[in-house]
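Okay, work_5.txt is below, compact mmCIF, C-alpha atoms and all ligand atoms:
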# COMPACT_ATOMS: atom_id res chain seq x y z
CA MET Y 1 27.25 -8.61 5.16
CA ILE Y 2 24.45 -9.81 7.44
CA VAL Y 3 20.82 -9.13 6.63
CA GLY Y 4 18.47 -9.30 9.62
CA VAL Y 5 14.74 -10.07 9.56
CA PRO Y 6 13.01 -9.31 12.87
CA THR Y 7 9.48 -10.42 13.78
CA GLU Y 8 6.91 -7.72 13.06
CA THR Y 9 5.56 -6.07 16.21
CA TYR Y 10 2.74 -3.83 14.88
CA PRO Y 11 -0.60 -5.10 16.25
CA GLY Y 12 -2.26 -7.43 13.75
CA GLU Y 13 0.69 -7.38 11.36
CA ARG Y 14 1.04 -10.92 10.01
CA ARG Y 15 3.39 -10.28 7.10
CA VAL Y 16 7.12 -10.93 7.14
CA ALA Y 17 9.67 -8.96 5.11
CA ILE Y 18 11.52 -11.99 3.74
CA ILE Y 19 10.09 -15.42 2.93
CA PRO Y 20 12.26 -18.54 2.62
CA ALA Y 21 11.95 -18.75 -1.18
CA VAL Y 22 13.97 -15.55 -1.73
CA ILE Y 23 16.85 -16.48 0.58
CA PRO Y 24 18.89 -18.26 -2.14
CA ALA Y 25 18.93 -14.98 -4.11
CA LEU Y 26 20.42 -13.23 -1.07
CA THR Y 27 22.98 -15.92 -0.24
CA LYS Y 28 24.02 -16.12 -3.91
CA ALA Y 29 24.81 -12.41 -3.69
CA GLY Y 30 27.13 -13.17 -0.77
CA LEU Y 31 24.75 -12.14 2.03
CA ASP Y 32 24.17 -13.96 5.26
CA VAL Y 33 20.53 -14.01 6.40
CA LEU Y 34 19.58 -13.96 10.09
CA VAL Y 35 15.88 -14.38 10.89
CA GLU Y 36 14.31 -13.90 14.33
CA THR Y 37 12.72 -17.13 15.49
CA GLY Y 38 9.04 -17.25 14.54
CA ALA Y 39 9.23 -14.19 12.27
CA GLY Y 40 7.40 -15.97 9.43
CA VAL Y 41 4.96 -18.10 11.40
CA ALA Y 42 1.94 -15.77 11.11
CA ALA Y 43 2.42 -15.74 7.34
CA GLY Y 44 2.82 -19.52 7.13
CA PHE Y 45 6.62 -19.81 7.05
CA LEU Y 46 8.26 -21.86 9.78
CA ASP Y 47 11.84 -21.48 11.06
CA THR Y 48 12.68 -24.84 9.49
CA ALA Y 49 11.75 -23.53 6.03
CA TYR Y 50 14.15 -20.60 6.46
CA ILE Y 51 16.93 -22.93 7.61
CA GLU Y 52 16.35 -25.25 4.64
CA LYS Y 53 16.85 -22.31 2.29
CA GLY Y 54 20.10 -21.28 3.95
CA ALA Y 55 19.16 -18.72 6.63
CA ARG Y 56 20.19 -18.78 10.28
CA ILE Y 57 17.67 -18.36 13.08
CA ALA Y 58 18.29 -15.94 15.96
CA THR Y 59 16.64 -16.85 19.22
CA ASP Y 60 16.21 -13.27 20.33
CA ARG Y 61 15.43 -9.97 18.68
CA GLN Y 62 18.44 -8.20 20.11
CA GLN Y 63 20.78 -10.61 18.33
CA VAL Y 64 19.19 -9.74 14.97
CA PHE Y 65 19.74 -6.03 15.55
CA THR Y 66 23.22 -6.49 17.01
CA ASP Y 67 24.56 -8.74 14.25
CA ALA Y 68 22.82 -7.39 11.15
CA ASP Y 69 24.20 -4.66 8.91
CA VAL Y 70 20.88 -4.30 7.13
CA ILE Y 71 17.49 -4.71 8.84
CA LEU Y 72 14.56 -5.69 6.59
CA GLN Y 73 11.13 -4.99 8.08
CA VAL Y 74 7.58 -4.77 6.80
CA ARG Y 75 6.97 -1.87 9.19
CA CYS Y 76 9.80 0.34 10.38
CA LEU Y 77 9.30 2.97 13.06
CA GLY Y 78 7.01 5.43 11.20
CA ALA Y 79 4.67 2.60 10.18
CA ASN Y 80 4.85 1.06 13.66
CA PRO Y 81 4.86 4.17 15.86
CA VAL Y 82 4.25 2.60 19.27
CA ALA Y 83 5.76 -0.89 19.36
CA GLY Y 84 8.47 0.16 16.91
CA ARG Y 85 9.98 2.49 19.52
CA ALA Y 86 11.36 -0.51 21.37
CA ASP Y 87 13.73 -1.12 18.44
CA LEU Y 88 15.24 2.37 18.48
CA ASP Y 89 17.74 1.53 21.20
CA LEU Y 90 18.78 -1.60 19.31
CA LEU Y 91 19.87 0.37 16.24
CA ARG Y 92 23.41 1.63 15.76
CA PRO Y 93 25.10 4.22 13.56
CA GLY Y 94 25.94 2.93 10.09
CA GLN Y 95 23.16 0.35 10.07
CA THR Y 96 20.63 0.34 7.24
CA VAL Y 97 16.88 -0.14 7.68
CA ILE Y 98 14.51 -0.93 4.80
CA GLY Y 99 10.70 -1.17 4.98
CA PHE Y 100 7.45 0.78 4.98
CA SER Y 101 7.76 3.83 7.24
CA GLU Y 102 5.03 6.35 6.26
CA PRO Y 103 7.69 9.02 5.81
CA LEU Y 104 5.29 11.77 4.74
CA GLY Y 105 2.56 11.01 7.30
CA GLU Y 106 4.89 10.32 10.26
CA PRO Y 107 7.99 12.39 9.46
CA ASP Y 108 9.05 12.64 13.12
CA ALA Y 109 10.08 8.99 12.97
CA ALA Y 110 12.67 10.03 10.37
CA ARG Y 111 14.10 12.50 12.88
CA GLU Y 112 14.57 9.71 15.43
CA LEU Y 113 16.13 7.34 12.91
CA ALA Y 114 18.46 10.10 11.75
CA ALA Y 115 19.46 10.71 15.38
CA ARG Y 116 20.50 7.03 15.62
CA GLY Y 117 22.75 7.49 12.59
CA VAL Y 118 21.03 4.83 10.49
CA SER Y 119 20.38 4.95 6.77
CA ALA Y 120 16.63 4.46 6.40
CA PHE Y 121 14.96 3.58 3.11
CA SER Y 122 11.22 3.85 2.69
CA MET Y 123 9.49 1.36 0.40
CA GLU Y 124 6.67 3.88 -0.16
CA LEU Y 125 9.06 6.33 -1.78
CA ILE Y 126 10.57 4.05 -4.41
CA PRO Y 127 9.99 5.92 -7.69
CA ARG Y 128 7.31 4.22 -9.78
CA ILE Y 129 9.41 4.05 -12.92
CA SER Y 130 9.56 1.06 -15.25
CA ARG Y 131 12.96 -0.11 -13.96
CA ALA Y 132 11.63 -0.22 -10.40
CA GLN Y 133 8.39 -2.07 -11.15
CA SER Y 134 9.57 -5.25 -9.42
CA MET Y 135 10.41 -3.15 -6.33
CA ASP Y 136 7.02 -1.39 -6.27
CA ALA Y 137 5.61 -2.53 -2.95
CA LEU Y 138 2.78 0.02 -3.05
CA SER Y 139 1.47 -1.65 -6.18
CA SER Y 140 1.82 -5.19 -4.86
CA MET Y 141 0.04 -4.34 -1.62
CA ALA Y 142 -2.67 -2.34 -3.45
CA THR Y 143 -3.30 -5.39 -5.64
CA ILE Y 144 -4.01 -7.45 -2.53
CA SER Y 145 -6.23 -4.74 -1.02
CA GLY Y 146 -8.29 -4.49 -4.20
CA TYR Y 147 -8.86 -8.24 -4.26
CA LYS Y 148 -9.66 -8.47 -0.56
CA ALA Y 149 -12.06 -5.51 -0.68
CA VAL Y 150 -14.21 -7.45 -3.14
CA LEU Y 151 -14.24 -10.50 -0.86
CA LEU Y 152 -15.29 -8.34 2.10
CA ALA Y 153 -18.09 -6.82 0.06
CA ALA Y 154 -19.25 -10.19 -1.28
CA SER Y 155 -19.35 -11.81 2.14
CA THR Y 156 -21.31 -8.89 3.65
CA LEU Y 157 -23.79 -8.34 0.80
CA PRO Y 158 -27.12 -10.12 1.36
CA ARG Y 159 -27.06 -11.05 -2.34
CA MET Y 160 -24.85 -13.20 -4.57
CA PHE Y 161 -22.48 -11.70 -7.12
CA PRO Y 162 -23.10 -13.88 -10.21
CA MET Y 163 -26.22 -14.14 -12.27
CA MET Y 164 -27.82 -17.56 -11.85
CA MET Y 165 -30.63 -19.15 -13.78
CA THR Y 166 -32.02 -21.86 -11.59
CA ALA Y 167 -35.23 -23.87 -11.29
CA ALA Y 168 -36.04 -21.56 -8.39
CA GLY Y 169 -35.86 -18.53 -10.60
CA THR Y 170 -33.27 -16.13 -11.97
CA VAL Y 171 -30.86 -14.32 -9.69
CA ALA Y 172 -29.72 -10.95 -11.06
CA PRO Y 173 -25.98 -10.20 -10.88
CA ALA Y 174 -24.77 -7.79 -8.22
CA ARG Y 175 -23.97 -4.28 -9.42
CA VAL Y 176 -20.54 -3.19 -8.29
CA PHE Y 177 -19.18 0.33 -8.67
CA VAL Y 178 -15.48 1.03 -8.21
CA VAL Y 179 -14.42 4.61 -7.50
CA GLY Y 180 -10.79 5.17 -8.44
CA ALA Y 181 -9.26 2.85 -11.04
CA GLY Y 182 -5.62 2.84 -9.94
CA VAL Y 183 -3.82 -0.33 -8.93
CA ALA Y 184 -6.28 -1.35 -6.17
CA GLY Y 185 -9.32 -0.28 -8.16
CA LEU Y 186 -8.31 -2.23 -11.27
CA GLN Y 187 -7.75 -5.35 -9.19
CA ALA Y 188 -11.13 -4.84 -7.51
CA ILE Y 189 -12.74 -4.59 -10.96
CA ALA Y 190 -11.01 -7.78 -12.13
CA SER Y 191 -11.91 -9.68 -8.95
CA ALA Y 192 -15.56 -8.59 -8.99
CA ARG Y 193 -15.82 -9.51 -12.69
CA ARG Y 194 -14.36 -12.96 -12.00
CA MET Y 195 -17.08 -13.46 -9.41
CA GLY Y 196 -19.72 -12.63 -11.99
CA ALA Y 197 -20.77 -9.13 -10.89
CA LYS Y 198 -21.79 -6.40 -13.30
CA VAL Y 199 -19.03 -3.84 -12.77
CA GLU Y 200 -18.86 -0.13 -13.46
CA ALA Y 201 -15.98 2.14 -12.55
CA TYR Y 202 -14.99 5.77 -12.48
CA ASP Y 203 -11.73 7.64 -12.14
CA VAL Y 204 -10.93 11.33 -12.30
CA ARG Y 205 -8.16 10.46 -14.81
CA PRO Y 206 -9.88 9.82 -18.16
CA ALA Y 207 -6.78 7.89 -19.31
CA VAL Y 208 -7.89 4.83 -17.34
CA LYS Y 209 -11.12 4.37 -19.36
CA GLU Y 210 -9.42 1.89 -21.69
CA GLN Y 211 -7.97 -0.14 -18.81
CA VAL Y 212 -11.38 -0.32 -17.15
CA GLU Y 213 -12.99 -1.50 -20.36
CA SER Y 214 -10.27 -4.05 -21.05
CA LEU Y 215 -11.28 -5.73 -17.78
CA GLY Y 216 -14.87 -6.05 -18.96
CA ALA Y 217 -16.27 -3.21 -16.87
CA THR Y 218 -18.13 -0.10 -17.99
CA PHE Y 219 -16.45 3.27 -17.50
CA VAL Y 220 -18.84 5.85 -16.07
CA ASP Y 221 -18.28 9.26 -17.64
CA LEU Y 222 -19.24 12.11 -15.35
CA PRO Y 223 -19.96 15.51 -16.91
CA LEU Y 224 -16.88 17.16 -15.35
CA ASP Y 225 -13.87 18.96 -16.75
CA THR Y 226 -11.04 16.53 -15.99
CA GLU Y 227 -8.41 17.93 -18.33
CA ALA Y 228 -6.07 18.92 -15.47
CA SER Y 229 -6.71 15.83 -13.39
CA GLU Y 230 -3.50 13.88 -14.07
CA ASP Y 231 0.04 14.90 -13.17
CA LYS Y 232 3.08 13.95 -15.22
CA GLY Y 233 3.74 10.93 -12.97
CA GLY Y 234 0.36 9.42 -13.89
CA TYR Y 235 -1.21 10.25 -10.53
CA ALA Y 236 -4.37 12.19 -9.81
CA ARG Y 237 -3.96 15.86 -8.94
CA ALA Y 238 -5.88 17.43 -6.10
CA MET Y 239 -8.78 19.38 -7.64
CA ASP Y 240 -10.51 22.45 -6.24
CA GLU Y 241 -13.52 22.33 -3.94
CA GLU Y 242 -15.91 23.40 -6.71
CA PHE Y 243 -14.84 20.36 -8.75
CA TYR Y 244 -15.32 17.98 -5.81
CA GLU Y 245 -18.72 19.51 -5.06
CA LYS Y 246 -19.89 18.74 -8.61
CA GLN Y 247 -18.27 15.32 -8.49
CA ARG Y 248 -20.05 14.40 -5.26
CA ALA Y 249 -23.41 15.45 -6.70
CA ALA Y 250 -22.81 13.40 -9.87
CA LEU Y 251 -21.59 10.37 -7.92
CA ALA Y 252 -24.66 10.41 -5.66
CA ARG Y 253 -26.77 9.59 -8.72
CA VAL Y 254 -24.36 6.87 -9.83
CA VAL Y 255 -24.09 5.05 -6.50
CA ALA Y 256 -27.86 5.05 -5.79
CA PRO Y 257 -28.70 1.80 -7.63
CA MET Y 258 -25.44 -0.01 -6.77
CA ASP Y 259 -25.26 -3.06 -4.51
CA VAL Y 260 -21.56 -2.55 -3.78
CA VAL Y 261 -19.36 0.53 -3.90
CA ILE Y 262 -15.61 0.04 -3.57
CA CYS Y 263 -13.79 3.30 -2.90
CA THR Y 264 -10.09 3.54 -3.72
CA ALA Y 265 -9.62 7.21 -4.65
CA ALA Y 266 -6.41 8.75 -3.33
CA ILE Y 267 -4.08 11.67 -3.92
CA PRO Y 268 -0.46 10.82 -3.02
CA GLY Y 269 0.63 12.50 0.24
CA ARG Y 270 -2.80 14.02 0.93
CA LYS Y 271 -6.03 13.23 2.72
CA ALA Y 272 -8.37 11.17 0.53
CA PRO Y 273 -11.07 13.19 -1.27
CA LEU Y 274 -14.60 12.95 0.12
CA LEU Y 275 -16.68 11.57 -2.76
CA VAL Y 276 -19.64 9.66 -1.31
CA THR Y 277 -21.64 11.97 0.93
CA ALA Y 278 -24.08 11.11 3.72
CA ASP Y 279 -26.93 12.00 1.35
CA ALA Y 280 -25.52 9.70 -1.32
CA VAL Y 281 -25.49 6.85 1.22
CA ARG Y 282 -29.07 7.68 2.18
CA GLY Y 283 -29.98 7.32 -1.50
CA MET Y 284 -28.67 3.73 -1.68
CA GLN Y 285 -30.75 0.58 -1.17
CA PRO Y 286 -30.78 -1.00 2.30
CA GLY Y 287 -28.42 -3.99 2.36
CA SER Y 288 -25.91 -2.44 -0.01
CA VAL Y 289 -22.26 -2.32 1.00
CA ILE Y 290 -19.49 0.26 0.77
CA VAL Y 291 -15.89 -0.88 1.23
CA ASP Y 292 -13.69 2.17 1.63
CA LEU Y 293 -10.05 1.38 0.94
CA ALA Y 294 -9.23 5.04 1.54
CA ALA Y 295 -10.20 4.59 5.23
CA GLU Y 296 -6.63 4.92 6.45
CA THR Y 297 -6.25 8.35 4.85
CA GLY Y 298 -9.61 9.77 5.90
CA GLY Y 299 -12.00 7.82 3.65
CA ASN Y 300 -13.89 8.59 0.45
CA CYS Y 301 -17.23 8.11 2.20
CA ALA Y 302 -18.61 10.51 4.82
CA PHE Y 303 -19.47 7.65 7.21
CA THR Y 304 -16.17 5.77 7.02
CA ARG Y 305 -14.34 5.09 10.27
CA ALA Y 306 -10.92 3.47 9.91
CA GLY Y 307 -10.87 -0.06 11.27
CA GLU Y 308 -14.64 -0.13 11.83
CA THR Y 309 -17.81 -1.37 10.17
CA SER Y 310 -20.98 0.63 10.64
CA VAL Y 311 -24.51 0.53 9.28
CA GLU Y 312 -26.09 3.83 8.23
CA HIS Y 313 -29.58 3.94 6.71
CA GLY Y 314 -29.31 0.19 6.13
CA VAL Y 315 -26.04 0.52 4.17
CA THR Y 316 -22.98 -1.24 5.60
CA ILE Y 317 -19.82 0.85 5.46
CA ILE Y 318 -16.56 -1.05 5.95
CA GLY Y 319 -13.37 0.93 6.62
CA PRO Y 320 -10.65 -1.72 6.50
CA VAL Y 321 -7.11 -1.04 7.66
CA ASN Y 322 -3.98 -2.97 6.78
CA LEU Y 323 -5.80 -5.34 4.42
CA PRO Y 324 -2.58 -6.86 3.01
CA ALA Y 325 -1.87 -8.28 6.47
CA SER Y 326 -5.08 -10.30 6.15
CA VAL Y 327 -3.54 -12.19 3.19
CA PRO Y 328 -0.13 -12.63 4.83
CA PHE Y 329 1.22 -15.50 2.75
CA HIS Y 330 0.96 -13.87 -0.65
CA ALA Y 331 1.46 -10.36 0.71
CA SER Y 332 4.79 -11.51 2.19
CA GLN Y 333 5.70 -13.34 -1.00
CA MET Y 334 5.16 -10.21 -3.10
CA LEU Y 335 6.75 -7.86 -0.60
CA SER Y 336 9.81 -10.11 -0.26
CA LYS Y 337 10.34 -9.98 -3.98
CA ASN Y 338 10.04 -6.16 -3.92
CA ILE Y 339 12.44 -5.78 -0.97
CA VAL Y 340 15.03 -8.24 -2.26
CA THR Y 341 15.09 -6.66 -5.72
CA PHE Y 342 15.48 -3.24 -4.12
CA LEU Y 343 18.26 -4.42 -1.79
CA LEU Y 344 20.20 -6.34 -4.42
CA ASN Y 345 20.16 -3.26 -6.65
CA MET Y 346 22.49 -1.73 -4.03
CA VAL Y 347 24.72 -4.75 -3.33
CA THR Y 348 28.09 -4.89 -5.10
CA LYS Y 349 29.69 -8.02 -6.61
CA GLU Y 350 31.69 -8.29 -3.36
CA GLY Y 351 28.44 -8.56 -1.36
CA VAL Y 352 28.68 -5.08 0.16
CA LEU Y 353 25.96 -2.42 0.36
CA GLU Y 354 26.77 0.65 -1.70
CA ILE Y 355 24.39 3.58 -1.37
CA ASP Y 356 24.78 5.28 -4.74
CA THR Y 357 22.67 8.42 -4.73
CA GLU Y 358 23.27 8.85 -8.45
CA ASP Y 359 20.75 6.02 -8.84
CA GLU Y 360 17.28 7.61 -8.85
CA VAL Y 361 15.70 4.56 -7.19
CA VAL Y 362 18.20 4.79 -4.32
CA ALA Y 363 18.05 8.57 -3.96
CA GLY Y 364 14.27 8.61 -4.31
CA SER Y 365 13.73 6.27 -1.35
CA LEU Y 366 16.57 7.24 1.00
CA VAL Y 367 15.07 9.15 3.94
CA THR Y 368 17.96 9.43 6.43
CA ARG Y 369 21.73 9.17 6.14
CA ASP Y 370 24.73 10.19 8.28
CA GLY Y 371 22.51 11.63 11.00
CA ASP Y 372 20.42 13.80 8.68
CA ILE Y 373 17.08 13.67 6.90
CA VAL Y 374 18.06 13.72 3.24
CA HIS Y 375 14.80 13.21 1.33
CA PRO Y 376 13.59 16.50 -0.19
CA ARG Y 377 9.85 15.77 0.21
CA VAL Y 378 10.24 14.59 3.79
CA ARG Y 379 12.30 17.71 4.56
CA GLU Y 380 9.61 19.85 2.98
CA VAL Y 381 6.84 18.22 5.07
CA MET Y 382 8.95 18.85 8.19
CA GLY Y 383 9.62 22.47 7.27
CA LEU Y 384 13.37 21.84 6.97
CA PRO Y 385 15.49 23.90 4.54
CA VAL Y 386 16.48 22.43 1.17
CA LEU Y 387 19.80 20.56 1.39
CA THR Y 388 22.49 21.96 -0.85
CA PRO Y 389 24.74 19.36 -2.49
CA ALA Y 390 28.16 19.09 -0.78
P1 LIG Y 401 -3.47 6.11 -5.83
O1 LIG Y 401 -3.59 5.04 -4.80
O2 LIG Y 401 -2.75 7.37 -5.50
O3 LIG Y 401 -4.97 6.54 -6.28
C1 LIG Y 401 -5.94 5.57 -6.63
C2 LIG Y 401 -6.80 6.11 -7.76
O4 LIG Y 401 -7.66 7.13 -7.27
C3 LIG Y 401 -6.02 6.73 -8.92
O5 LIG Y 401 -6.30 6.03 -10.11
C4 LIG Y 401 -6.53 8.16 -8.96
O6 LIG Y 401 -6.60 8.68 -10.27
C5 LIG Y 401 -7.90 8.01 -8.33
N1 LIG Y 401 -8.50 9.26 -7.86
C6 LIG Y 401 -7.94 10.28 -7.17
N2 LIG Y 401 -8.84 11.26 -6.93
C7 LIG Y 401 -10.02 10.84 -7.46
C8 LIG Y 401 -11.32 11.40 -7.55
N3 LIG Y 401 -11.59 12.60 -7.04
N4 LIG Y 401 -12.28 10.69 -8.17
C9 LIG Y 401 -12.00 9.47 -8.71
N5 LIG Y 401 -10.81 8.89 -8.67
C10 LIG Y 401 -9.81 9.57 -8.06
O7 LIG Y 401 -2.88 5.59 -7.17
P2 LIG Y 401 -2.16 4.21 -7.53
O8 LIG Y 401 -3.20 3.18 -7.70
O9 LIG Y 401 -1.09 3.95 -6.56
O10 LIG Y 401 -1.52 4.56 -8.94
C11 LIG Y 401 -2.15 5.39 -9.87
C12 LIG Y 401 -1.44 5.36 -11.20
O11 LIG Y 401 -0.04 5.50 -11.07
C13 LIG Y 401 -1.57 4.05 -11.94
O12 LIG Y 401 -2.80 3.81 -12.51
C14 LIG Y 401 -0.45 4.22 -12.95
O13 LIG Y 401 -0.80 5.07 -13.99
C15 LIG Y 401 0.60 4.85 -12.12
N6 LIG Y 401 1.54 3.80 -11.65
C16 LIG Y 401 2.67 3.59 -12.39
C17 LIG Y 401 3.55 2.58 -12.00
C18 LIG Y 401 4.80 2.31 -12.77
O14 LIG Y 401 4.98 2.84 -13.82
N7 LIG Y 401 5.69 1.52 -12.22
C19 LIG Y 401 3.27 1.81 -10.89
C20 LIG Y 401 2.11 2.04 -10.18
C21 LIG Y 401 1.25 3.05 -10.56

Could you rewrite the structure in this file as C-alpha cells?
Ligand code: NAD
Amino acid sequence: MIVGVPTETYPGERRVAIIPAVIPALTKAGLDVLVETGAGVAAGFLDTAYIEKGARIATDRQQVFTDADVILQVRCLGANPVAGRADLDLLRPGQTVIGFSEPLGEPDAARELAARGVSAFSMELIPRISRAQSMDALSSMATISGYKAVLLAASTLPRMFPMMMTAAGTVAPARVFVVGAGVAGLQAIASARRMGAKVEAYDVRPAVKEQVESLGATFVDLPLDTEASEDKGGYARAMDEEFYEKQRAALARVVAPMDVVICTAAIPGRKAPLLVTADAVRGMQPGSVIVDLAAETGGNCAFTRAGETSVEHGVTIIGPVNLPASVPFHASQMLSKNIVTFLLNMVTKEGVLEIDTEDEVVAGSLVTRDGDIVHPRVREVMGLPVLTPA
C-alpha cells in the first residue's frame, strides 16, 4: 500500500503531515511512502532526509495522488477550501484521505469528497478517549497555540514578564490572566509561569481549578452557578445568555488590572462565547495586550478580528490564526505522530488498510465512505437524515 504526502497548499501553511522520523514506523508496517518534492521544506525537512529514512520523492503532485492509496495531509479540502479544490480532480474512488478538514464548519467539502468516492477521515473528530490520546491532534496543536500565544503577548507587551531586582530598581512581574483552562489555556499558564509572570486563570468548568493550581497559577472564582457547565465528555457546555451576561460583568473587573489576557474559551462545534466586552477593554491599562486564541471561531473579545492586530483604547488585541503553522517543525513532529498512530491503528499485519467501523476511533472520525457522508454529526449539521445501519 502506498501512502502519499503532498505539499500543503493553504496560504501560510508551513506544516507537513509526515516528517522523516516517523517513516520507519510506516515502512516497518509494510507501507511505501511517497512524498511530493519539497513537502517538508517549510517545516525544516529536506527531501534528502525523507530519502534517508526510506521514503521515495515524487517530482510532481499528480504522481502522489495517482500512485497513493492513502493521502496524508495537514489540511484536506474543508480546511483548505480554495487551493484544496485543485486536488479534487486528482482523487479517485476507493482512495483514503486523512487530515484536518473542519467537517462541522465546512460540511459542504464532505459532500464533494463523498462525490469522488473517497473515504475521508477528519483528525478533528477523533474521539478524545484515553486510547486515542496519541492520535489527538487537536490537543497537540492547542499545546503549540497556548505556548505561542504567550510569546506573542510577551513580545508585544511594553513590560517584561519576570520580576527583577536590579541596581536600577525593582521590576514588578507581569500579570497574566488566562480565560479558559483547556489544553491551550493550561499550556499558556505553564509558559507564562516559566517566563516569570504572575498568572491567574479562569474556566467555566470548576473541575480545572486543581490543574490550574498545580501549574502555580491562581484560579479566579467568579460568583456564578457553574454546576451545569461541563458535559460528560469533559467539555464546556453552552450556557444561556443570562449566564454569559453575568460572566462578562464579572470578568470586566478581573481583566482591568491585567497586563496580558490570553483568551482560549471555546465550545466544541459552536461560535466562541463573547467574554471580554468593549467596556472591559476600555477598563484595562494602556499598553496591555489581549491575545485571543478563539479568533478563528469568532473571538472571546469584542474587538478581535481574525488574522489582525488592532489597538483599542491603548490595548493591543491580537487575533492570531493558524498559530501551529508558525512553529512548523514541532507542530509537524507532533502531528506526524498523531497521524501515523491513527493510520497504523487501521493497517493489518499484511500492510493493508482495513476500515473497521466497530472501532470507535475509526467510526468517530470517518466522514465519507462509498460515496456517502457517514458521520452522524456532520449529517446533522447538513440537515441529512440519520443513516440506518445496513
Ligand atoms: P476547548 O478548546 O473546547 O475549550 C477551551 C476551554 O474553554 C475549555 O477548558 C472550556 O471549559 C473553556 N470554556 C468554554 N466556555 C467558557 C466560558 N464561558 N468561560 C470560561 N471558559 C470557558 O477545549 P479543549 O482544550 O480542547 O479540551 C477541554 C477538555 O477536554 C480538557 O481540559 C479535558 O478535560 C478534555 N480533553 C480530554 C482528552 C482526552 O481524554 N484524551 C483530550 C483533550 C481534552

Selection near Ile373 in chain Y, 10 Å with all atoms listed in the file, sequence-local residues under 2 positions removed, as a list in words: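 Result of the neighbour search: Pro107, Ala110, Arg111, Glu112, Leu113, Ala114, Ala115, Ser119, Ala120, Leu366, Val367, Thr368, Arg369, Asp370, Gly371, His375, Pro376, Val378, Arg379, Met382, Leu384 and Leu387 of chain Y.
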
Could the residues of range 69-146 of chain Y that have an atom at most 10 Å from range 306-325 of chain Y be listed as CSV, each with its closest atom pair and the distance in Å to one decimal, counting all atoms listed in the file and ordered by chain and ascending residue number?
residue,atom,partner,partner_atom,distance
Y:Ser140,CA,Y:Pro324,CA,9.2
Y:Met141,CA,Y:Pro324,CA,5.9
Y:Ala142,CA,Y:Pro324,CA,7.9
Y:Thr143,CA,Y:Pro324,CA,8.8
Y:Ile144,CA,Y:Pro324,CA,5.8
Y:Ser145,CA,Y:Leu323,CA,5.5
Y:Gly146,CA,Y:Leu323,CA,9.0

Separation of CA of Ala137 in chain Y from CA of Ile355 in chain Y, in Å and rounded to one decimal: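 Spanning CA of Ala137 in chain Y to CA of Ile355 in chain Y is a straight-line distance of 19.8 Å.
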
If we count all atoms listed in the file and set the cut-off at 9 Å, which residues sit around Ala280 in chain Y, ignoring sequence neighbours fewer than 5 positions away in its own chain? Please answer as a PyMOL selection string. chain Y and resi 248-249+251-253+255-256

To one decimal place in Å, what is the distance between atom N2 of ligand LIG 401 (chain Y) and CA of Ala236 in chain Y?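 Those two atoms sit 5.4 Å apart.
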
To one decimal place in Å, what is the distance between CA of Ser365 in chain Y and CA of Val22 in chain Y?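 Interatomic distance here is 21.8 Å.
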
Sorted per-residue table, chain Y near ligand LIG 401 (chain Y), closest atoms and distance, 8 Å, only C-alpha atoms and all ligand atoms, as a Markdown table:
| residue | atom | partner | partner_atom | distance |
| --- | --- | --- | --- | --- |
| Y:Pro127 | CA | Y:LIG401 | N7 | 7.6 |
| Y:Arg128 | CA | Y:LIG401 | N7 | 4.0 |
| Y:Ile129 | CA | Y:LIG401 | N7 | 4.6 |
| Y:Ser130 | CA | Y:LIG401 | N7 | 4.9 |
| Y:Arg131 | CA | Y:LIG401 | N7 | 7.7 |
| Y:Ala132 | CA | Y:LIG401 | N7 | 6.5 |
| Y:Gln133 | CA | Y:LIG401 | N7 | 4.6 |
| Y:Asp136 | CA | Y:LIG401 | N7 | 6.8 |
| Y:Leu138 | CA | Y:LIG401 | O9 | 6.5 |
| Y:Ser139 | CA | Y:LIG401 | C20 | 5.5 |
| Y:Ala142 | CA | Y:LIG401 | O8 | 7.0 |
| Y:Val179 | CA | Y:LIG401 | C9 | 5.6 |
| Y:Gly180 | CA | Y:LIG401 | N5 | 3.7 |
| Y:Ala181 | CA | Y:LIG401 | O5 | 4.4 |
| Y:Gly182 | CA | Y:LIG401 | O5 | 3.3 |
| Y:Val183 | CA | Y:LIG401 | O8 | 3.8 |
| Y:Ala184 | CA | Y:LIG401 | O8 | 5.7 |
| Y:Gly185 | CA | Y:LIG401 | C2 | 6.9 |
| Y:Tyr202 | CA | Y:LIG401 | C9 | 6.1 |
| Y:Asp203 | CA | Y:LIG401 | N5 | 3.8 |
| Y:Val204 | CA | Y:LIG401 | C9 | 4.2 |
| Y:Arg205 | CA | Y:LIG401 | O6 | 5.1 |
| Y:Val208 | CA | Y:LIG401 | O12 | 7.1 |
| Y:Ser229 | CA | Y:LIG401 | O6 | 7.8 |
| Y:Glu230 | CA | Y:LIG401 | O6 | 7.1 |
| Y:Gly233 | CA | Y:LIG401 | O11 | 6.9 |
| Y:Gly234 | CA | Y:LIG401 | O13 | 4.5 |
| Y:Tyr235 | CA | Y:LIG401 | O11 | 4.9 |
| Y:Ala236 | CA | Y:LIG401 | O6 | 4.2 |
| Y:Arg237 | CA | Y:LIG401 | N2 | 7.0 |
| Y:Ala238 | CA | Y:LIG401 | N2 | 6.9 |
| Y:Met239 | CA | Y:LIG401 | N3 | 7.4 |
| Y:Tyr244 | CA | Y:LIG401 | N3 | 6.7 |
| Y:Gln247 | CA | Y:LIG401 | N3 | 7.4 |
| Y:Thr264 | CA | Y:LIG401 | C1 | 5.5 |
| Y:Ala265 | CA | Y:LIG401 | O4 | 3.3 |
| Y:Ala266 | CA | Y:LIG401 | O3 | 4.0 |
| Y:Ile267 | CA | Y:LIG401 | O2 | 4.8 |
| Y:Pro268 | CA | Y:LIG401 | O2 | 4.8 |
| Y:Ala272 | CA | Y:LIG401 | N2 | 7.5 |
| Y:Pro273 | CA | Y:LIG401 | N3 | 5.8 |
| Y:Leu274 | CA | Y:LIG401 | N3 | 7.8 |
| Y:Leu275 | CA | Y:LIG401 | N3 | 6.7 |

Distance criterion (all atoms listed in the file): nearest to Met258 in chain Y out of Y:Glu200, Y:Asp359, Y:Glu124, Y:Glu350: Y:Glu200

For range 171-186 of chain Y, I'd like the enclosing box, axis-aligned and padded by 4 Å on every side, reported as AutoDock Vina command-line options with centre and edge lengths in Å to one decimal.
--center_x -17.3 --center_y -4.6 --center_z -8.7 --size_x 35.0 --size_y 27.5 --size_z 13.1
